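Undergrad: Encoded as structure tokens, here's the structure I'll be asking about.
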Amino acid sequence: MNSKIAILGGGNLGQAIASGLISDHFKPSNIVITRHKTDLLKSFKEQGVVITSNNIEAVKNADTIIIAVKPYKISEVLKEVAPEISSNKLLISVVSDFSIEQIKAQLQFDPVIYRAMPNTAASVNESITCIASNTSDDESTTNVKRIFNALGETIVINEQLMDAATVLGACGIAYVLRFIRGMIQGGIEIGFDAHTATQIATQTVKGASELLLQKGNHPEAEIDKVTTPKGCTIAGLNEMEHQGFSSALIKGIKTSYDNISK
Ligand SMILES: NC(=O)c1ccc[n+]([C@@H]2O[C@H](COP(=O)([O-])OP(=O)(O)OC[C@H]3O[C@@H](n4cnc5c(N)ncnc54)[C@H](OP(=O)(O)O)[C@@H]3O)[C@@H](O)[C@H]2O)c1
């Protein structure tokens, strides 16, 4: 890929996107990352990525601009770089809870705008990225998908579902990690050291995902295969449900969703 990409806001997600692009053979010298504390991007500089705190210069030299600052900073950043954004540049925001209309309001013309919602697994090329835009232009959507396909899987959604995508995909990483931590804690209690319990829990979660991804089965069909009548799996699983396992997860997802604009 020869396109020059400016990532404005080299924090957790900005860095994860840059790492994912580099590990997918994107030329580091074609990536610019901006932030104030540039010393925190030393490892990227060593790989050949251009590091700067100058958003205007970064945008000037880029074909694609990915805005990855916190929601309360996006207006300030858009105002700063607006004079450098033209219709031949691809503008993508990964900022949650900031709509295409709100972005458009900060610019002097009617640009094509994309919102993308990846997660931090982008750094290991295993993100799911939901993409929405105000255009039906297939070519620019293909270009945006090409960038995020380098970071994992992509799906195109209606912008109205962006908050839901933020919760299920981006916050979802945290839910799954907390689940894994719980499994590790349980594993230690039944006899494993932390390292071995982590190895078993992480590979088991990966295996469960692959079973669904590769076979396309419903989770319950795979659960039926491991629940022997009167066996220990169904006993444990039912105890988890009695304690509110699925209900806690659903309620947590809904609470995240209700809190997204607060
Ligand atoms: N983390 C996730 O999993 C995730 C997933 C999906 C979407 N998002 C969205 O992605 C955005 C970034 O999230 P994050 O977790 O990566 O936050 P973060 O770690 O705080 O990163 C934001 C970065 O922006 C930099 N920054 C602040 N002002 C700037 C400016 N004027 N110009 C350039 N850079 C500036 C900050 O660094 P300095 O202080 O050094 O400038 C900071 O490192 C948020 O809007 C969030 O909603 C995050």
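Chain labels A, B, ... are given in the sequence in which chains occur in the structure tokens; within each chain residues are numbered consecutively from 1, and ligands are likewise numbered from 1 in the order shown.
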Got a sec to check which residues lie within 7 Å of ligand 1, using only C-alpha atoms and all ligand atoms, and send them as a compact mmCIF listing (two decimals) with N, CA and C atoms, in the first residue's frame?

TA:
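Produced file part28.txt, reproduced below:
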```txt
# COMPACT_ATOMS: atom_id res chain seq x y z
N LEU A 8 -3.92 11.05 13.68
CA LEU A 8 -3.90 12.19 14.61
C LEU A 8 -4.36 11.69 15.98
N GLY A 9 -3.41 11.57 16.91
CA GLY A 9 -3.73 11.05 18.24
C GLY A 9 -3.13 9.67 18.43
N GLY A 10 -1.86 9.66 18.77
CA GLY A 10 -1.14 8.38 18.91
C GLY A 10 -1.24 7.81 20.31
N GLY A 11 -2.48 7.57 20.76
CA GLY A 11 -2.67 6.93 22.07
C GLY A 11 -2.84 5.43 21.91
N ASN A 12 -3.68 4.84 22.77
CA ASN A 12 -3.87 3.38 22.74
C ASN A 12 -4.32 2.90 21.37
N LEU A 13 -5.42 3.50 20.85
CA LEU A 13 -5.95 3.02 19.59
C LEU A 13 -5.09 3.45 18.41
N GLY A 14 -4.65 4.72 18.41
CA GLY A 14 -3.79 5.21 17.32
C GLY A 14 -2.56 4.32 17.16
N THR A 34 0.68 11.62 15.24
CA THR A 34 0.85 12.86 16.01
C THR A 34 0.37 12.71 17.45
N ARG A 35 0.99 13.41 18.33
CA ARG A 35 0.53 13.63 19.71
C ARG A 35 1.45 14.67 20.33
N HIS A 36 1.08 15.19 21.49
CA HIS A 36 1.94 16.18 22.14
C HIS A 36 3.18 15.49 22.71
N LYS A 37 2.96 14.38 23.44
CA LYS A 37 4.09 13.71 24.11
C LYS A 37 4.75 12.74 23.12
N THR A 38 5.50 13.31 22.18
CA THR A 38 6.06 12.48 21.08
C THR A 38 7.09 11.46 21.59
N SER A 53 4.30 16.50 16.49
CA SER A 53 3.16 17.05 17.22
C SER A 53 2.43 18.05 16.33
N ASN A 55 -0.09 18.62 13.72
CA ASN A 55 -1.22 18.02 13.00
C ASN A 55 -1.36 18.57 11.58
N ALA A 68 -7.87 9.97 15.86
CA ALA A 68 -7.96 9.01 16.98
C ALA A 68 -7.73 9.68 18.32
N VAL A 69 -8.24 10.92 18.45
CA VAL A 69 -8.14 11.60 19.75
C VAL A 69 -9.39 11.29 20.57
N LYS A 70 -9.38 11.69 21.82
CA LYS A 70 -10.55 11.49 22.68
C LYS A 70 -11.72 12.35 22.16
N PRO A 71 -12.97 11.93 22.41
CA PRO A 71 -14.11 12.68 21.89
C PRO A 71 -14.09 14.18 22.24
N LYS A 73 -11.69 16.10 22.37
CA LYS A 73 -10.63 16.81 21.66
C LYS A 73 -10.89 16.95 20.17
N GLU A 76 -11.57 20.49 18.50
CA GLU A 76 -10.35 21.32 18.49
C GLU A 76 -9.41 20.88 17.34
N VAL A 77 -9.23 19.57 17.20
CA VAL A 77 -8.32 19.05 16.18
C VAL A 77 -8.89 19.31 14.77
N VAL A 94 -12.15 7.55 14.16
CA VAL A 94 -12.41 6.37 15.00
C VAL A 94 -12.92 6.81 16.38
N VAL A 95 -13.27 8.09 16.46
CA VAL A 95 -13.71 8.66 17.74
C VAL A 95 -15.15 8.21 18.03
N SER A 96 -15.36 7.71 19.23
CA SER A 96 -16.71 7.25 19.55
C SER A 96 -17.60 8.44 19.91
N MET A 117 -14.98 1.90 13.71
CA MET A 117 -14.88 1.52 15.11
C MET A 117 -14.10 0.21 15.24
N PRO A 118 -12.76 0.31 15.34
CA PRO A 118 -11.96 -0.91 15.55
C PRO A 118 -11.84 -1.19 17.03
N ASN A 119 -11.09 -2.19 17.40
CA ASN A 119 -10.74 -2.36 18.81
C ASN A 119 -9.23 -2.55 18.93
N THR A 120 -8.74 -2.63 20.15
CA THR A 120 -7.28 -2.63 20.33
C THR A 120 -6.61 -3.91 19.83
N THR A 166 -19.61 0.30 19.06
CA THR A 166 -18.60 0.72 20.04
C THR A 166 -18.64 -0.20 21.26
N ALA A 170 -15.68 -2.62 20.59
CA ALA A 170 -14.54 -1.95 21.24
C ALA A 170 -14.52 -2.22 22.75
N CYS A 171 -15.67 -1.98 23.42
CA CYS A 171 -15.74 -2.31 24.86
C CYS A 171 -15.67 -3.83 25.02
```

Undergrad: Might you pull out every residue within 10 Å of Val167 (chain A), with only C-alpha atoms counted and same-chain residues fewer than 2 positions away left off, and present them as a list in words?

TA: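 Listing them by chain and then by number gives Ser96, Met117, Met162, Asp163, Ala164, Ala165, Gly169, Ala170, Cys171, Gly172, Ile173, Ala174, Tyr175, Gly252, Ile253, Lys254, Thr255, Ser256, Tyr257, Asp258, Asn259 and Ile260 of chain A.
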
Undergrad: Export, as an mmCIF file, in the first residue's frame, the selected residues with C-alpha atoms.

TA:
```
data_model
loop_
_atom_site.group_PDB
_atom_site.id
_atom_site.type_symbol
_atom_site.label_atom_id
_atom_site.label_comp_id
_atom_site.auth_asym_id
_atom_site.auth_seq_id
_atom_site.Cartn_x
_atom_site.Cartn_y
_atom_site.Cartn_z
ATOM 1 C CA SER A 96 -16.710 7.251 19.551
ATOM 2 C CA MET A 117 -14.876 1.515 15.111
ATOM 3 C CA MET A 162 -22.157 3.016 15.649
ATOM 4 C CA ASP A 163 -22.787 3.291 19.405
ATOM 5 C CA ALA A 164 -23.842 -0.356 19.498
ATOM 6 C CA ALA A 165 -20.677 -1.247 17.532
ATOM 7 C CA GLY A 169 -16.731 -4.520 19.481
ATOM 8 C CA ALA A 170 -14.538 -1.952 21.240
ATOM 9 C CA CYS A 171 -15.744 -2.314 24.859
ATOM 10 C CA GLY A 172 -16.213 -6.012 24.071
ATOM 11 C CA ILE A 173 -12.466 -6.577 24.285
ATOM 12 C CA ALA A 174 -12.599 -5.607 27.978
ATOM 13 C CA TYR A 175 -15.573 -7.891 28.688
ATOM 14 C CA GLY A 252 -23.408 -4.876 31.420
ATOM 15 C CA ILE A 253 -23.629 -4.415 27.646
ATOM 16 C CA LYS A 254 -26.851 -2.415 28.029
ATOM 17 C CA THR A 255 -25.307 -0.300 30.817
ATOM 18 C CA SER A 256 -22.286 0.508 28.621
ATOM 19 C CA TYR A 257 -24.664 1.470 25.818
ATOM 20 C CA ASP A 258 -26.718 3.707 28.123
ATOM 21 C CA ASN A 259 -23.522 5.403 29.329
ATOM 22 C CA ILE A 260 -21.922 6.045 25.942
#
```

Undergrad: Just the strand (DSSP E) stuff from region 73-199 of chain A, please, per backbone DSSP, written as an MDAnalysis selection string.

TA: chainID A and resid 90:93 113:117 127:133 152:156

Undergrad: So that I can check the surroundings of Leu151 (chain A), please list as a PyMOL selection string every protein, DNA and RNA residue that reaches within 10 Å of it, counting only C-alpha atoms and ignoring chain neighbours fewer than 6 positions away.

TA: chain A and resi 16-24+118-129+145

Undergrad: Which residue is closest to Ile184 (chain A)? Choose from A:Thr196, A:Asn30, A:Glu101, A:Thr142 and count only C-alpha atoms.

TA: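 For Ile184 (chain A), the nearest of the candidates is A:Thr196.
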
Undergrad: From the options A:Val156, A:Ile100, A:Ala116, A:Ile234, which residue's atoms come nearest to Asn134 (chain A), counting only C-alpha atoms?

TA: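 The answer is A:Ile100, which sits nearest to Asn134 (chain A).
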
Undergrad: Can you pull out every residue within 8 Å of Ser133 (chain A), counting only C-alpha atoms, but drop anything in the same chain fewer than 3 positions away, and send it as a list in words?

TA: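 Result of the neighbour search: Ile100, Val112, Ile113, Tyr114, Arg115, Ser136, Asn158 and Glu159 of chain A.
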
Undergrad: Can you measure CA of Gln185 (chain A) to CA of Leu249 (chain A) for me? One decimal in Å is fine.

TA: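 Interatomic distance, CA of Gln185 (chain A) to CA of Leu249 (chain A): 18.3 Å.
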
Undergrad: Could you tell me how far CA of Ser209 (chain A) sits from CA of Val176 (chain A), in Å to one decimal place?

TA: 11.3 Å

Undergrad: Got a sec to tell me which of region 150-206 of chain A DSSP assigns to helix (DSSP H, G or I), as number ranges by chain?

TA: A: 159-189, 194-206

Undergrad: Just the number, please: distance in Å from CA of Thr202 (chain A) to CA of Pro219 (chain A), one decimal.

TA: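 Result for CA of Thr202 (chain A) versus CA of Pro219 (chain A): 17.8 Å, one decimal.
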
Undergrad: When you look at Leu107 (chain A) with a cut-off of 12 Å (counting only C-alpha atoms), what residues show up, excluding the ones that are within fewer than 2 positions of it in the same chain? I need them as a list in words.

TA: Ser75, Glu76, Val77, Leu78, Lys79, Glu80, Val81, Ala82, Pro83, Glu84, Ile85, Ser86, Ser87, Leu91, Ile100, Glu101, Gln102, Ile103, Lys104, Ala105, Phe109, Asp110, Pro111, Val112 and Ile113 of chain A
